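What follows is the content of run.tsv, which has TSV, C-alpha atoms and all ligand atoms:
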```tsv
chain	number	residue	atom	x	y	z
A	1	MET	CA	109.17	78.72	120.53
A	2	ASP	CA	109.51	77.70	116.86
A	3	LYS	CA	107.19	79.50	114.51
A	4	ILE	CA	104.47	77.48	112.81
A	5	ARG	CA	105.05	77.62	109.05
A	6	VAL	CA	101.85	78.14	107.07
A	7	GLY	CA	101.10	78.07	103.34
A	8	ILE	CA	97.81	79.54	102.08
A	9	VAL	CA	96.17	78.12	98.98
A	10	GLY	CA	93.52	80.37	97.44
A	11	ALA	CA	94.05	84.12	97.76
A	12	GLY	CA	90.39	85.04	97.34
A	13	ASN	CA	87.90	86.74	99.60
A	14	ILE	CA	87.87	84.48	102.64
A	15	ALA	CA	91.67	84.37	102.72
A	16	ARG	CA	92.00	88.16	102.42
A	17	THR	CA	89.13	89.22	104.69
A	18	ALA	CA	89.29	86.58	107.45
A	19	HIS	CA	92.30	84.22	107.52
A	20	LEU	CA	95.14	86.59	106.59
A	21	PRO	CA	93.99	89.37	108.96
A	22	ALA	CA	93.83	86.74	111.75
A	23	TYR	CA	97.40	85.54	111.02
A	24	ARG	CA	98.60	89.13	111.10
A	25	LYS	CA	97.78	89.15	114.86
A	26	MET	CA	99.80	85.96	115.57
A	27	ASP	CA	103.49	86.40	116.30
A	28	ASP	CA	104.20	82.66	116.50
A	29	VAL	CA	103.20	82.07	112.86
A	30	GLU	CA	105.27	82.54	109.73
A	31	LEU	CA	103.35	82.90	106.46
A	32	VAL	CA	105.78	81.13	104.17
A	33	GLY	CA	103.87	81.01	100.90
A	34	VAL	CA	100.60	81.76	99.15
A	35	ALA	CA	99.38	80.00	96.01
A	36	ASP	CA	96.55	80.84	93.62
A	37	ILE	CA	95.84	79.70	90.07
A	38	LYS	CA	95.64	83.44	89.38
A	39	LEU	CA	99.25	84.24	90.21
A	40	GLU	CA	98.70	88.01	90.33
A	41	ARG	CA	96.18	87.44	93.14
A	42	ALA	CA	98.75	85.44	95.14
A	43	GLU	CA	101.36	88.14	94.48
A	44	GLN	CA	98.99	90.87	95.64
A	45	ALA	CA	98.19	88.97	98.86
A	46	ALA	CA	101.90	88.31	99.45
A	47	LYS	CA	102.64	92.02	99.15
A	48	GLU	CA	99.75	93.12	101.33
A	49	PHE	CA	100.25	90.56	104.11
A	50	GLY	CA	104.03	90.21	104.10
A	51	ILE	CA	104.12	86.62	102.80
A	52	ALA	CA	107.55	85.48	101.65
A	53	LYS	CA	106.64	83.88	98.30
A	54	ALA	CA	103.75	83.68	95.81
A	55	TYR	CA	103.06	80.65	93.61
A	56	ALA	CA	100.74	79.78	90.72
A	57	SER	CA	99.87	76.35	92.15
A	58	ILE	CA	99.83	74.36	95.38
A	59	ASP	CA	102.25	71.90	93.69
A	60	GLU	CA	104.91	74.62	93.34
A	61	MET	CA	104.37	75.80	96.90
A	62	LEU	CA	104.59	72.27	98.37
A	63	ALA	CA	107.74	71.55	96.35
A	64	ASP	CA	109.45	74.78	97.39
A	65	CYS	CA	108.41	75.31	101.03
A	66	LYS	CA	108.72	73.38	104.25
A	67	LEU	CA	105.27	73.79	105.78
A	68	ASP	CA	103.64	72.76	109.07
A	69	TYR	CA	100.24	73.13	107.44
A	70	VAL	CA	98.34	74.27	104.40
A	71	ASP	CA	95.33	76.54	104.92
A	72	ILE	CA	92.87	75.71	102.12
A	73	CYS	CA	90.84	78.76	101.01
A	74	VAL	CA	90.09	77.79	97.39
A	75	TRP	CA	86.57	77.37	96.03
A	76	THR	CA	84.81	74.27	97.25
A	77	GLY	CA	85.26	72.19	94.09
A	78	ALA	CA	89.06	72.33	94.56
A	79	HIS	CA	89.17	71.47	98.29
A	80	ALA	CA	89.73	67.75	97.71
A	81	GLU	CA	92.44	68.20	95.09
A	82	CYS	CA	94.40	70.59	97.34
A	83	ALA	CA	93.91	68.51	100.50
A	84	ILE	CA	95.02	65.32	98.77
A	85	LYS	CA	98.16	67.01	97.43
A	86	ALA	CA	98.97	68.40	100.89
A	87	ALA	CA	98.41	65.01	102.54
A	88	ARG	CA	100.63	63.25	99.99
A	89	ALA	CA	103.35	65.81	100.79
A	90	GLY	CA	102.97	64.94	104.50
A	91	VAL	CA	101.59	68.39	105.41
A	92	ASN	CA	98.77	69.03	107.93
A	93	ILE	CA	95.57	70.69	106.69
A	94	LEU	CA	93.18	73.37	107.85
A	95	GLY	CA	90.32	73.25	105.34
A	96	GLU	CA	87.65	75.88	104.76
A	97	LYS	CA	84.05	74.76	105.03
A	98	PRO	CA	82.39	72.78	103.50
A	99	MET	CA	84.82	69.86	103.60
A	100	ALA	CA	84.30	69.08	99.92
A	101	LEU	CA	82.15	69.36	96.82
A	102	ASN	CA	80.37	66.09	97.68
A	103	LEU	CA	80.71	62.91	99.74
A	104	GLU	CA	82.82	61.16	97.11
A	105	HIS	CA	85.44	63.94	97.28
A	106	ALA	CA	85.28	63.94	101.10
A	107	LEU	CA	85.87	60.17	101.30
A	108	ALA	CA	88.83	60.43	98.91
A	109	MET	CA	90.28	63.15	101.15
A	110	GLU	CA	89.67	61.05	104.25
A	111	GLN	CA	91.50	58.08	102.74
A	112	GLU	CA	94.59	60.11	101.81
A	113	ILE	CA	94.67	62.04	105.10
A	114	LYS	CA	94.47	58.80	107.10
A	115	ARG	CA	97.09	57.13	104.92
A	116	ALA	CA	99.46	60.08	105.38
A	117	GLY	CA	98.76	60.36	109.11
A	118	VAL	CA	98.49	64.16	108.93
A	119	LYS	CA	96.07	66.28	110.97
A	120	PHE	CA	92.95	67.77	109.42
A	121	MET	CA	90.61	70.35	110.84
A	122	LEU	CA	87.46	71.70	109.20
A	123	ALA	CA	87.25	75.47	109.53
A	124	VAL	CA	83.75	76.03	110.93
A	125	PRO	CA	84.17	79.35	112.77
A	126	THR	CA	80.80	79.54	114.50
A	127	ARG	CA	81.83	76.66	116.79
A	128	TYR	CA	84.54	78.96	118.15
A	129	SER	CA	82.42	81.90	119.35
A	130	PRO	CA	82.48	82.42	123.14
A	131	GLN	CA	78.73	81.70	123.29
A	132	ALA	CA	79.10	78.39	121.47
A	133	MET	CA	82.09	77.34	123.56
A	134	LEU	CA	80.32	78.21	126.83
A	135	LEU	CA	77.15	76.41	125.77
A	136	ARG	CA	79.07	73.31	124.71
A	137	GLN	CA	80.80	73.32	128.11
A	138	MET	CA	77.38	73.49	129.81
A	139	VAL	CA	76.14	70.60	127.65
A	140	ASP	CA	79.27	68.55	128.51
A	141	GLU	CA	78.73	69.25	132.22
A	142	GLY	CA	75.16	67.96	131.94
A	143	LYS	CA	73.55	71.31	132.81
A	144	LEU	CA	70.95	70.91	130.04
A	145	GLY	CA	70.36	67.20	130.68
A	146	ASP	CA	69.79	65.00	127.63
A	147	ILE	CA	69.46	67.02	124.42
A	148	TYR	CA	66.57	65.52	122.46
A	149	TYR	CA	65.46	68.35	120.17
A	150	ALA	CA	67.18	71.17	118.31
A	151	LYS	CA	66.22	73.75	115.75
A	152	THR	CA	68.36	76.00	113.60
A	153	SER	CA	67.81	78.59	110.96
A	154	TYR	CA	70.06	80.65	108.72
A	155	THR	CA	67.77	82.44	106.33
A	156	ARG	CA	68.60	85.35	104.07
A	157	ARG	CA	65.80	87.15	102.30
A	158	ARG	CA	68.00	88.18	99.36
A	159	GLY	CA	71.61	87.19	100.00
A	160	THR	CA	72.69	84.88	97.19
A	161	PRO	CA	76.48	85.13	96.82
A	162	LEU	CA	77.85	86.26	93.48
A	163	GLY	CA	80.27	84.15	91.50
A	164	TRP	CA	81.12	80.46	91.52
A	165	PHE	CA	78.81	79.83	94.53
A	166	THR	CA	75.81	79.37	92.19
A	167	ASP	CA	77.78	77.03	89.88
A	168	LYS	CA	77.16	73.56	91.30
A	169	ALA	CA	80.23	72.10	89.59
A	170	ARG	CA	82.43	74.38	91.73
A	171	SER	CA	80.24	74.85	94.85
A	172	GLY	CA	78.49	71.50	95.30
A	173	GLY	CA	75.16	73.27	95.82
A	174	GLY	CA	73.44	76.33	97.23
A	175	PRO	CA	72.63	77.49	100.79
A	176	VAL	CA	72.60	73.93	102.18
A	177	ILE	CA	76.30	73.39	101.55
A	178	ASP	CA	77.31	77.07	101.82
A	179	ILE	CA	75.61	78.39	104.97
A	180	GLY	CA	73.62	75.35	106.12
A	181	VAL	CA	76.97	73.82	106.98
A	182	HIS	CA	77.53	76.69	109.47
A	183	CYS	CA	74.23	76.47	111.34
A	184	ILE	CA	73.74	72.69	111.10
A	185	ASP	CA	77.33	72.01	112.20
A	186	ARG	CA	77.11	74.45	115.10
A	187	THR	CA	73.81	72.96	116.27
A	188	TRP	CA	75.10	69.40	115.93
A	189	PHE	CA	78.22	70.40	117.90
A	190	LEU	CA	76.04	71.87	120.66
A	191	MET	CA	73.99	68.65	120.76
A	192	GLY	CA	77.24	66.80	121.51
A	193	CYS	CA	77.72	65.45	117.94
A	194	PRO	CA	75.38	62.41	118.12
A	195	LYS	CA	75.62	59.98	115.17
A	196	PRO	CA	73.30	61.09	112.33
A	197	VAL	CA	71.16	58.25	110.95
A	198	ARG	CA	68.35	59.60	108.73
A	199	VAL	CA	67.37	62.81	107.00
A	200	SER	CA	64.25	64.11	105.31
A	201	ALA	CA	64.56	67.37	103.38
A	202	ALA	CA	63.15	69.56	100.62
A	203	THR	CA	65.01	72.08	98.48
A	204	SER	CA	63.65	74.81	96.24
A	205	SER	CA	64.92	77.15	93.54
A	206	ALA	CA	61.78	79.25	93.30
A	207	ILE	CA	63.47	82.66	93.34
A	208	GLY	CA	66.63	82.00	91.36
A	209	ASN	CA	68.69	84.74	89.76
A	210	TYR	CA	66.83	87.82	91.08
A	211	GLN	CA	67.55	91.46	90.25
A	212	THR	CA	66.42	92.95	93.61
A	213	LYS	CA	67.99	96.36	94.25
A	214	GLY	CA	69.45	97.68	97.49
A	215	VAL	CA	70.65	94.33	98.91
A	216	THR	CA	74.18	93.33	99.88
A	217	ARG	CA	75.71	90.02	98.79
A	218	TRP	CA	78.95	88.12	99.40
A	219	ARG	CA	81.05	88.49	96.28
A	220	ALA	CA	83.61	85.82	95.48
A	221	LEU	CA	86.68	87.33	93.84
A	222	ASP	CA	85.71	85.10	90.93
A	223	SER	CA	82.34	86.77	90.50
A	224	ASP	CA	82.11	86.55	86.73
A	225	SER	CA	80.26	83.21	86.71
A	226	THR	CA	76.88	83.22	84.98
A	227	VAL	CA	75.95	79.65	85.89
A	228	PHE	CA	73.01	79.39	88.32
A	229	ASP	CA	72.02	75.78	88.91
A	230	THR	CA	71.81	75.56	92.71
A	231	GLU	CA	68.87	75.60	95.15
A	232	ASP	CA	68.08	78.84	96.96
A	233	SER	CA	66.34	77.49	100.06
A	234	ALA	CA	65.91	74.23	101.94
A	235	CYS	CA	64.29	72.78	105.06
A	236	GLY	CA	64.32	69.43	106.73
A	237	GLN	CA	64.77	67.13	109.67
A	238	ILE	CA	67.84	65.17	110.77
A	239	ARG	CA	67.45	62.19	113.09
A	240	PHE	CA	70.21	60.85	115.34
A	241	GLU	CA	71.04	57.43	116.72
A	242	ASN	CA	70.29	58.58	120.30
A	243	GLY	CA	66.71	59.49	119.30
A	244	ALA	CA	67.37	63.24	119.07
A	245	CYS	CA	66.07	65.28	116.17
A	246	MET	CA	67.15	68.58	114.52
A	247	LEU	CA	64.96	70.80	112.35
A	248	PHE	CA	66.69	73.20	109.98
A	249	GLU	CA	65.87	75.86	107.41
A	250	VAL	CA	68.36	77.73	105.26
A	251	SER	CA	68.11	80.18	102.40
A	252	TRP	CA	70.00	82.55	100.18
A	253	ALA	CA	66.67	83.90	98.95
A	254	LEU	CA	63.29	83.45	100.65
A	255	ASN	CA	60.26	85.67	101.11
A	256	ALA	CA	60.60	85.59	104.88
A	257	PRO	CA	62.40	87.52	107.61
A	258	GLU	CA	66.17	87.09	107.86
A	259	GLN	CA	67.18	85.05	110.89
A	260	SER	CA	70.09	83.09	112.28
A	261	PHE	CA	69.76	81.04	115.42
A	262	THR	CA	70.47	77.74	117.08
A	263	GLN	CA	68.18	76.30	119.75
A	264	VAL	CA	68.87	73.15	121.77
A	265	CYS	CA	66.38	71.64	124.18
A	266	GLY	CA	67.40	69.29	126.95
A	267	SER	CA	65.59	67.42	129.71
A	268	LYS	CA	66.84	69.90	132.35
A	269	ALA	CA	67.16	73.18	130.41
A	270	GLY	CA	67.26	74.65	126.93
A	271	ALA	CA	69.32	77.32	125.19
A	272	ARG	CA	69.14	79.60	122.23
A	273	MET	CA	71.79	81.70	120.54
A	274	ASP	CA	72.83	84.33	119.35
A	275	PRO	CA	72.52	86.01	121.79
A	276	LEU	CA	72.81	83.21	124.33
A	277	VAL	CA	69.81	82.64	126.61
A	278	ILE	CA	69.45	79.63	128.94
A	279	TYR	CA	65.86	78.56	129.59
A	280	GLY	CA	65.65	76.83	132.96
A	281	GLU	CA	63.85	76.69	136.28
A	282	GLU	CA	64.91	77.99	139.68
A	283	CYS	CA	63.05	77.72	143.01
A	284	GLY	CA	60.03	76.46	141.10
A	285	TYR	CA	59.95	79.35	138.61
A	286	LEU	CA	60.92	79.59	134.95
A	287	THR	CA	64.16	81.52	134.33
A	288	ASP	CA	65.71	83.08	131.24
A	289	ASN	CA	69.40	83.53	132.07
A	290	THR	CA	71.67	85.55	129.81
A	291	PRO	CA	75.34	84.68	130.37
A	292	THR	CA	77.80	87.29	129.10
A	293	PRO	CA	80.72	85.41	127.52
A	294	GLY	CA	81.64	88.39	125.31
A	295	LYS	CA	82.78	88.41	121.71
A	296	ASN	CA	85.86	87.30	119.81
A	297	ASP	CA	87.23	87.02	116.28
A	298	MET	CA	85.94	83.52	115.50
A	299	PHE	CA	88.42	83.03	112.64
A	300	HIS	CA	91.32	83.96	114.90
A	301	GLU	CA	90.00	81.56	117.55
A	302	GLU	CA	89.56	78.62	115.14
A	303	ILE	CA	93.04	79.08	113.65
A	304	ARG	CA	94.55	79.46	117.14
A	305	HIS	CA	92.80	76.22	118.16
A	306	PHE	CA	94.31	74.34	115.21
A	307	ILE	CA	97.80	75.67	115.93
A	308	ASN	CA	97.45	74.63	119.60
A	309	CYS	CA	96.45	71.13	118.44
A	310	LEU	CA	99.56	70.95	116.24
A	311	ARG	CA	101.77	72.11	119.11
A	312	THR	CA	100.28	69.75	121.71
A	313	GLY	CA	99.36	66.81	119.48
A	314	SER	CA	95.72	67.02	120.64
A	315	GLU	CA	92.72	66.33	118.42
A	316	PRO	CA	91.01	69.34	116.78
A	317	CYS	CA	87.45	70.11	117.88
A	318	SER	CA	86.13	69.88	114.29
A	319	ASN	CA	88.23	66.87	113.28
A	320	LEU	CA	88.34	64.63	110.21
A	321	GLU	CA	85.71	62.18	111.46
A	322	GLN	CA	83.23	64.96	112.25
A	323	ALA	CA	83.95	66.71	108.95
A	324	VAL	CA	83.07	63.50	107.06
A	325	GLN	CA	79.91	63.00	109.14
A	326	MET	CA	78.85	66.58	108.37
A	327	GLN	CA	79.42	65.91	104.66
A	328	ARG	CA	77.23	62.78	104.98
A	329	ILE	CA	74.47	64.96	106.45
A	330	LEU	CA	74.77	67.49	103.58
A	331	GLU	CA	74.75	64.70	100.99
A	332	GLY	CA	71.74	63.13	102.75
A	333	ILE	CA	69.84	66.44	102.53
A	334	TYR	CA	70.40	66.65	98.76
A	335	THR	CA	69.58	62.97	98.20
A	336	SER	CA	66.39	63.15	100.26
A	337	ALA	CA	65.27	66.29	98.43
A	338	LYS	CA	65.93	64.65	95.07
A	339	LEU	CA	64.11	61.42	95.94
A	340	GLY	CA	61.31	63.16	97.85
A	341	LYS	CA	61.61	60.83	100.83
A	342	GLU	CA	63.56	60.19	104.04
A	343	VAL	CA	66.97	58.58	103.46
A	344	GLU	CA	69.55	56.77	105.58
A	345	ILE	CA	72.78	58.66	106.16
B	1	LIG	N1	83.95	80.47	106.87
B	1	LIG	C1	83.20	81.34	106.23
B	1	LIG	O1	82.39	82.05	106.83
B	1	LIG	C2	83.33	81.44	104.73
B	1	LIG	C3	82.86	82.58	104.06
B	1	LIG	C4	83.04	82.63	102.68
B	1	LIG	C5	83.65	81.59	101.98
B	1	LIG	N2	84.08	80.50	102.68
B	1	LIG	C6	84.70	79.37	101.95
B	1	LIG	O2	85.97	79.78	101.48
B	1	LIG	C7	86.26	79.17	100.22
B	1	LIG	C8	86.64	80.26	99.23
B	1	LIG	O3	85.59	81.20	99.08
B	1	LIG	P1	85.87	82.71	98.60
B	1	LIG	O4	84.62	83.47	98.83
B	1	LIG	O5	87.13	83.18	99.20
B	1	LIG	O6	86.06	82.49	97.01
B	1	LIG	P2	86.95	83.38	96.00
B	1	LIG	O7	86.47	83.08	94.63
B	1	LIG	O8	86.96	84.81	96.45
B	1	LIG	O9	88.42	82.79	96.21
B	1	LIG	C9	88.78	81.49	95.80
B	1	LIG	C10	90.20	81.55	95.26
B	1	LIG	O10	90.67	80.22	95.04
B	1	LIG	C11	91.47	80.23	93.85
B	1	LIG	N3	91.55	78.83	93.39
B	1	LIG	C12	90.57	78.05	92.92
B	1	LIG	N4	91.04	76.81	92.65
B	1	LIG	C13	92.33	76.81	92.98
B	1	LIG	C14	93.36	75.82	92.97
B	1	LIG	N5	93.12	74.56	92.57
B	1	LIG	N6	94.60	76.17	93.40
B	1	LIG	C15	94.87	77.44	93.80
B	1	LIG	N7	93.93	78.42	93.83
B	1	LIG	C16	92.69	78.12	93.44
B	1	LIG	C17	90.73	81.19	92.92
B	1	LIG	O11	91.56	81.66	91.87
B	1	LIG	C18	90.32	82.29	93.91
B	1	LIG	O12	91.29	83.31	94.00
B	1	LIG	C19	85.01	78.37	99.85
B	1	LIG	O13	85.19	77.01	100.14
B	1	LIG	C20	83.91	78.95	100.73
B	1	LIG	O14	82.91	78.01	101.07
B	1	LIG	C21	83.96	80.42	104.02
```

Turn this file's structure into structure tokens for me.
Ligand SMILES: NC(=O)c1ccc[n+]([C@@H]2O[C@H](COP(=O)([O-])OP(=O)(O)OC[C@H]3O[C@@H](n4cnc5c(N)ncnc54)[C@H](O)[C@@H]3O)[C@@H](O)[C@H]2O)c1
Amino acid sequence: MDKIRVGIVGAGNIARTAHLPAYRKMDDVELVGVADIKLERAEQAAKEFGIAKAYASIDEMLADCKLDYVDICVWTGAHAECAIKAARAGVNILGEKPMALNLEHALAMEQEIKRAGVKFMLAVPTRYSPQAMLLRQMVDEGKLGDIYYAKTSYTRRRGTPLGWFTDKARSGGGPVIDIGVHCIDRTWFLMGCPKPVRVSAATSSAIGNYQTKGVTRWRALDSDSTVFDTEDSACGQIRFENGACMLFEVSWALNAPEQSFTQVCGSKAGARMDPLVIYGEECGYLTDNTPTPGKNDMFHEEIRHFINCLRTGSEPCSNLEQAVQMQRILEGIYTSAKLGKEVEI
């Protein structure tokens, strides 16, 4: 079996702590190159993870390497630029979440990816947990009936990431686009990805740049940014063409308990995760069933899924069309919050 040839762009935290360790466990993958605008960072990653060559730009890597796909791990503001360059070079793309800085960038990416006819998959790891995959299978098999209501929350009490994340020009926004994309996308996936039509949302930046002691925070390798112009919490409601509705709340900083869950309610049964519980009825009684699908390395699973799609020619689970729809939802949340009213997606 030929090895899949991968080039990484962005040798920061997510590449070093999640993607590269996952590739290390795959013997059918060859890490051909790694590029970062900070060349020493690419060189360090190449040394540590046994990557053949390090480059100071994606342009140099694309010109020098024959790649099956580029794995985009740069900060959000550079996703579109890297994806467009990869597409123009005829190379497939695995792109870290969120798809792009904003809808305009996402649509430009979509146009180039379609024109080039390359594959794109959005890296949204929480879709690839065993619980999520089992629950989606149950939804597909009709075990929950029609899903008409869902609720999701990803709230941190004090968990604002350090670095470019709080600089809107590079991140696109705060917890909505950073972690909301995880819980909203997972919930939408578990609802069967109905077409989003309207959104009503509110955002807040009431806590801002706090100095709370004794809390842990994600630190981007570029953590020297002092810009802080993003929201720190948000809530809202997304309506779908099939009549279903999703409530969400997300925060980097909120005076409330930390929580992370997805709940979907159908006409036959409901479910909540993590951990996974199925709320149903048996022999006339209410039941709370707890399937035991186990655990996995979600990053390994998502990357493995993309590689399988490249090998078989099948469509990725989190494909281009869904990535653009998710970006429309995120954009809708920000627009609604700004205008103070419900907006069409
Ligand atoms: N899936 C997850 O759970 C998860 C978690 C954290 C971050 N992320 C995503 O991963 C991405 C990177 O986040 P991070 O925390 O690793 O940030 P980081 O700052 O640690 O790393 C980003 C790297 O990209 C490089 N870079 C920026 N623009 C570039 C360009 N045009 N060409 C080449 N290199 C460039 C920077 O020099 C830096 O080394 C973001 O999009 C973020 O949303 C995903």

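Each of A:Arg41, A:Arg217, A:Arg157, A:His182 was checked against Ser233 in chain A using only C-alpha atoms; the smallest atom-to-atom distance is that of A:Arg157.
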
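Comparing A:Ala271, A:Ala11, A:Val139, A:Leu254 by their smallest distance to Pro175 in chain A, the closest is A:Leu254 (using all atoms listed in the file).
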
* To do: Using only C-alpha atoms, find all polymer residues with an atom at most 12 Å away from the point (89.8, 58.7, 106.7); report them as a VMD selection string.
  => chain A and resid 84 87 105 to 120 319 to 325

Exercise answer, 7 Å around ligand LIG 1 (chain B) with only C-alpha atoms and all ligand atoms, as a PDB file with C-alpha atoms, in the coordinates of the input:
```pdb
ATOM      1  CA  VAL A   9      96.170  78.120  98.980  1.00  0.00           C
ATOM      2  CA  GLY A  10      93.520  80.370  97.440  1.00  0.00           C
ATOM      3  CA  ALA A  11      94.050  84.120  97.760  1.00  0.00           C
ATOM      4  CA  GLY A  12      90.390  85.040  97.340  1.00  0.00           C
ATOM      5  CA  ASN A  13      87.900  86.740  99.600  1.00  0.00           C
ATOM      6  CA  ILE A  14      87.870  84.480 102.640  1.00  0.00           C
ATOM      7  CA  ALA A  15      91.670  84.370 102.720  1.00  0.00           C
ATOM      8  CA  ALA A  35      99.380  80.000  96.010  1.00  0.00           C
ATOM      9  CA  ASP A  36      96.550  80.840  93.620  1.00  0.00           C
ATOM     10  CA  ILE A  37      95.840  79.700  90.070  1.00  0.00           C
ATOM     11  CA  LYS A  38      95.640  83.440  89.380  1.00  0.00           C
ATOM     12  CA  ARG A  41      96.180  87.440  93.140  1.00  0.00           C
ATOM     13  CA  SER A  57      99.870  76.350  92.150  1.00  0.00           C
ATOM     14  CA  ILE A  58      99.830  74.360  95.380  1.00  0.00           C
ATOM     15  CA  CYS A  73      90.840  78.760 101.010  1.00  0.00           C
ATOM     16  CA  VAL A  74      90.090  77.790  97.390  1.00  0.00           C
ATOM     17  CA  TRP A  75      86.570  77.370  96.030  1.00  0.00           C
ATOM     18  CA  THR A  76      84.810  74.270  97.250  1.00  0.00           C
ATOM     19  CA  ALA A  78      89.060  72.330  94.560  1.00  0.00           C
ATOM     20  CA  GLU A  81      92.440  68.200  95.090  1.00  0.00           C
ATOM     21  CA  CYS A  82      94.400  70.590  97.340  1.00  0.00           C
ATOM     22  CA  GLU A  96      87.650  75.880 104.760  1.00  0.00           C
ATOM     23  CA  LYS A  97      84.050  74.760 105.030  1.00  0.00           C
ATOM     24  CA  PRO A  98      82.390  72.780 103.500  1.00  0.00           C
ATOM     25  CA  ALA A 123      87.250  75.470 109.530  1.00  0.00           C
ATOM     26  CA  VAL A 124      83.750  76.030 110.930  1.00  0.00           C
ATOM     27  CA  PRO A 125      84.170  79.350 112.770  1.00  0.00           C
ATOM     28  CA  TRP A 164      81.120  80.460  91.520  1.00  0.00           C
ATOM     29  CA  ASP A 178      77.310  77.070 101.820  1.00  0.00           C
ATOM     30  CA  ARG A 219      81.050  88.490  96.280  1.00  0.00           C
ATOM     31  CA  ALA A 220      83.610  85.820  95.480  1.00  0.00           C
ATOM     32  CA  LEU A 221      86.680  87.330  93.840  1.00  0.00           C
ATOM     33  CA  ASP A 222      85.710  85.100  90.930  1.00  0.00           C
ATOM     34  CA  SER A 223      82.340  86.770  90.500  1.00  0.00           C
TER      35      SER A 223
END
```

* Counting all atoms listed in the file, figure out which residue out of A:Gly33, A:Gly50, A:Pro316, A:Gly159 gets nearest to Tyr128 in chain A. => A:Pro316

Counting all atoms listed in the file, which residues in range 214-328 of chain A sit no more than 12 Å from range 62-70 of chain A? For each one, give the nearest pair of atoms and the distance in Å, sorted by chain then residue number, as JSON lines.
```
{"residue": "A:Ile303", "atom": "CA", "partner": "A:Tyr69", "partner_atom": "CA", "distance": 11.2}
{"residue": "A:Phe306", "atom": "CA", "partner": "A:Tyr69", "partner_atom": "CA", "distance": 9.8}
{"residue": "A:Ile307", "atom": "CA", "partner": "A:Tyr69", "partner_atom": "CA", "distance": 9.2}
{"residue": "A:Cys309", "atom": "CA", "partner": "A:Tyr69", "partner_atom": "CA", "distance": 11.8}
{"residue": "A:Leu310", "atom": "CA", "partner": "A:Asp68", "partner_atom": "CA", "distance": 8.4}
{"residue": "A:Arg311", "atom": "CA", "partner": "A:Asp68", "partner_atom": "CA", "distance": 10.2}
```

* Straight-line distance linking CA of Val264 in chain A with CA of Thr152 in chain A, stated in Å to one decimal -> 8.7 Å

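Taking all atoms listed in the file into account, Asp140 in chain A lies nearest to A:Gly266 out of the set A:Ala52, A:Ser204, A:Gly266, A:Ser225.
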
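When only C-alpha atoms are used to measure the gap to Leu103 in chain A, the shortest distance among A:Met246, A:Ala337, A:Ile177, A:Ile238 belongs to A:Ile177.
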
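Among the candidates A:Asn296, A:Gln211, A:Asn102, A:Ser267, the one nearest to Gln327 in chain A when counting only C-alpha atoms is A:Asn102.
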
* To do: For Thr203 in chain A, list every protein, DNA or RNA residue within 9 Å, evaluated using all atoms listed in the file, and leave out those in the same chain fewer than 5 positions away; present the list as a ChimeraX atom specification.
  => /A:176,231-236,333-334,337-338

* Measure the distance from CA of Ser336 in chain A to CA of Ala83 in chain A in Å and round it to one decimal. => 28.0 Å

* To do: Using all atoms listed in the file, determine which residues lie at most 9 Å from Asn255 in chain A, disregarding the query and same-chain residues fewer than 2 positions distant; provide the list as a PyMOL selection string.
  => chain A and resi 156-158+207+253+257

Could you work out an axis-aligned box for range 318-327 of chain A, taking every atom the file lists and adding 4 Å on each side, and report centre and edge lengths in Å to one decimal, as JSON?
```
{"center_x": 83.6, "center_y": 66.0, "center_z": 109.5, "size_x": 17.5, "size_y": 15.7, "size_z": 17.6}
```

Tell me, counting all atoms listed in the file, for each residue of range 120-146 of chain A within 7 Å of range 183-197 of chain A, which pair of atoms is nearest and how far apart they are in Å to one decimal, in rows ordered by chain and increasing number, as CSV.
```
residue,atom,partner,partner_atom,distance
A:Thr126,CA,A:Arg186,CA,6.3
A:Arg127,CA,A:Arg186,CA,5.5
A:Leu135,CA,A:Leu190,CA,6.9
A:Arg136,CA,A:Leu190,CA,5.3
```

Taking 6 positions as the minimum chain separation for residues in the same chain, which residues sit within 9 Å of Gln131 in chain A when counting all atoms listed in the file? Answer as a compact mmCIF listing (two decimals) with C-alpha atoms, keeping the file's coordinate frame.
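After the write, selection19.txt holds the following:
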```
# COMPACT_ATOMS: atom_id res chain seq x y z
CA MET A 273 71.79 81.70 120.54
CA ASP A 274 72.83 84.33 119.35
CA PRO A 275 72.52 86.01 121.79
CA LEU A 276 72.81 83.21 124.33
CA PRO A 291 75.34 84.68 130.37
CA THR A 292 77.80 87.29 129.10
CA PRO A 293 80.72 85.41 127.52
CA GLY A 294 81.64 88.39 125.31
CA LYS A 295 82.78 88.41 121.71
```

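Straight-line separation from CA of Ser205 in chain A to CA of Asp167 in chain A: 13.4 Å.
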
Within 7 Å of Gly95 in chain A, counting all atoms listed in the file, which residues qualify if same-chain residues fewer than 4 places away don't, as a CSV table (one decimal) with C-alpha atoms, keeping the file's coordinate frame?
```
chain,number,residue,atom,x,y,z
A,71,ASP,CA,95.3,76.5,104.9
A,72,ILE,CA,92.9,75.7,102.1
A,99,MET,CA,84.8,69.9,103.6
A,121,MET,CA,90.6,70.4,110.8
A,122,LEU,CA,87.5,71.7,109.2
A,123,ALA,CA,87.2,75.5,109.5
```
